[in-house]
Amino acid sequence: MSRIQFNHTYQYIISTENLLLAWKEFLKGKKSRNDVQEFQRNLMTNIISLNQDLVNKTYKHSNYQAFNISDPKPRSIHKAKVRDRLLHHALYRELYPFFDKTFIADSYSCRKNKGTHKAMQRFQTFSNKVSKNNTKTVWVLKGDIRKFFASIDQKILIEIIKEYISDKDVISLLLEIIGSFQSTRKDVGLPLGNLTSQILVNIYMNEFDQFVKHKLKAKYYIRYADDFVILSQDKEWLENLLPQIATFLEEKLKLSLHPKKVSINTLASGIDFIGWVHFPDHRIVRTVTKRRMLKHIEQTEGKEETVQSCLGLLSHGNAKKLSKSISIKYLARG
């Protein structure tokens, strides 16, 4: 299969012009951070230094600062130094517009004008179509990739990228960034925290998306990061898909399905997908999502911006009672 080719040059990606534009984008929401302020104090000196290292091919990615978060399950975040993150932005602003055009319409994670709300709306549209407006039973195959970011095979990722990018200097730079992180095994894993990781995992999983859409002919398929669903009236057909999906993931991408998070159930029994439990005519917020939301509000001491954000999220489902109790507790008190 011939692939469209990336035509941005290494020279432009590493240019001071692109680095300065990337800095403006990187700076949003980060101006008060100490490491960012320190870099900005000698901005042009730092940018010229980075540019020279890239021109001379002597650039080396720094080590990461690791820390854990609970969101809601424990996750290990790896934060790069400002200099490296600036380069991530410079690369991303050229890679994203190109690769985004190669992705299927129904992958919704880390993409502009997509996100969880659009994925939920699409799920509702698909369920209406498959059910023939609630006159037929809808079966939903739900899958989850086990240890998603930590399992990405870096060598396979680079081979996929090479099919789109012929510039050896761009490939070398991507190799340096991708290889700067190791999970539990050599040449495996991408860091949660890098902007480049967002586009790289979508490039990797686009292989799976294309397989599901074009080889398996799954018309009603949605993926959000490591979660995916396929809707159908035919339970047996979905059951037959599962081993094909597992084999493709294992053989082509060295990924595996989470054994406890794979299911084929009716929509009427409730499908847990991207933080909500979906039913034929409504959806309710998942208990763990509700707990996380209330904890976040408490941690910010009921800050109005946080409360309004949570109420906005709840407006996308059947959560009037919860929305009302949050409003009374946090908004009515002033």
# chains A, B, ... in the order shown; residues from 1 in each chain; ligands from 1
$ residues_around --residues "A:Ser109" --least-positions-apart "4" --cutoff "9 Å" --atoms "only C-alpha atoms" --output "number ranges by chain"
A: 114-116, 119, 198, 202, 223-225
$ residues_around --residues "stretch 206-221 of chain A" --least-positions-apart "5" --cutoff "8 Å" --atoms "only C-alpha atoms" --output "list in words"
Phe103, Ile104, Asp106, Ser107, Phe126, Phe228, Val229, Ile230, Leu231, Ser232, Leu241, Ile245, Phe248 and Leu249 of chain A
$ closest_residue --among "A:Ile171, A:Ile156, A:Leu27, A:Leu238" --to "A:Gly143" --atoms "only C-alpha atoms"
A:Leu238
$ closest_residue --among "A:Glu305, A:Glu239, A:Glu176, A:Asp144" --to "A:Tyr59" --atoms "only C-alpha atoms"
A:Glu176
$ closest_residue --among "A:Cys110, A:Asn318, A:Pro280, A:Asn18" --to "A:Asn133" --atoms "only C-alpha atoms"
A:Pro280
$ select_by_dssp --residues "stretch 162-227 of chain A" --states "strand (DSSP E or B)" --output "PDB file with N, CA and C atoms, in the first residue's frame"
ATOM      1  N   VAL A 188      11.054  -0.359  24.108  1.00  0.00           N
ATOM      2  CA  VAL A 188       9.602  -0.501  24.296  1.00  0.00           C
ATOM      3  C   VAL A 188       9.084   0.648  25.156  1.00  0.00           C
ATOM      4  N   TYR A 221     -17.341   1.391  14.298  1.00  0.00           N
ATOM      5  CA  TYR A 221     -16.155   1.243  15.151  1.00  0.00           C
ATOM      6  C   TYR A 221     -15.726   2.609  15.651  1.00  0.00           C
ATOM      7  N   ILE A 222     -15.404   2.699  16.956  1.00  0.00           N
ATOM      8  CA  ILE A 222     -14.917   3.934  17.566  1.00  0.00           C
ATOM      9  C   ILE A 222     -13.723   3.583  18.450  1.00  0.00           C
ATOM     10  N   ARG A 223     -12.661   4.387  18.360  1.00  0.00           N
ATOM     11  CA  ARG A 223     -11.533   4.201  19.279  1.00  0.00           C
ATOM     12  C   ARG A 223     -11.213   5.513  19.977  1.00  0.00           C
ATOM     13  N   TYR A 224     -10.979   5.402  21.285  1.00  0.00           N
ATOM     14  CA  TYR A 224     -10.482   6.531  22.067  1.00  0.00           C
ATOM     15  C   TYR A 224      -9.278   6.020  22.850  1.00  0.00           C
ATOM     16  N   ASP A 227      -9.074   2.360  24.334  1.00  0.00           N
ATOM     17  CA  ASP A 227     -10.425   1.783  24.394  1.00  0.00           C
ATOM     18  C   ASP A 227     -11.064   1.794  23.006  1.00  0.00           C
TER      19      ASP A 227
END
$ closest_atom_pairs --of "stretch 190-217 of chain A" --to "stretch 61-85 of chain A" --cutoff "10 Å" --atoms "only C-alpha atoms" --output "Markdown table"
| residue | atom | partner | partner_atom | distance |
| --- | --- | --- | --- | --- |
| A:Leu190 | CA | A:His78 | CA | 9.4 |
| A:Pro191 | CA | A:His78 | CA | 5.7 |
| A:Leu192 | CA | A:Ile77 | CA | 5.1 |
| A:Gly193 | CA | A:His78 | CA | 5.5 |
| A:Asn194 | CA | A:Lys79 | CA | 7.0 |
| A:Leu195 | CA | A:Arg85 | CA | 7.6 |
| A:Thr196 | CA | A:Arg85 | CA | 8.9 |
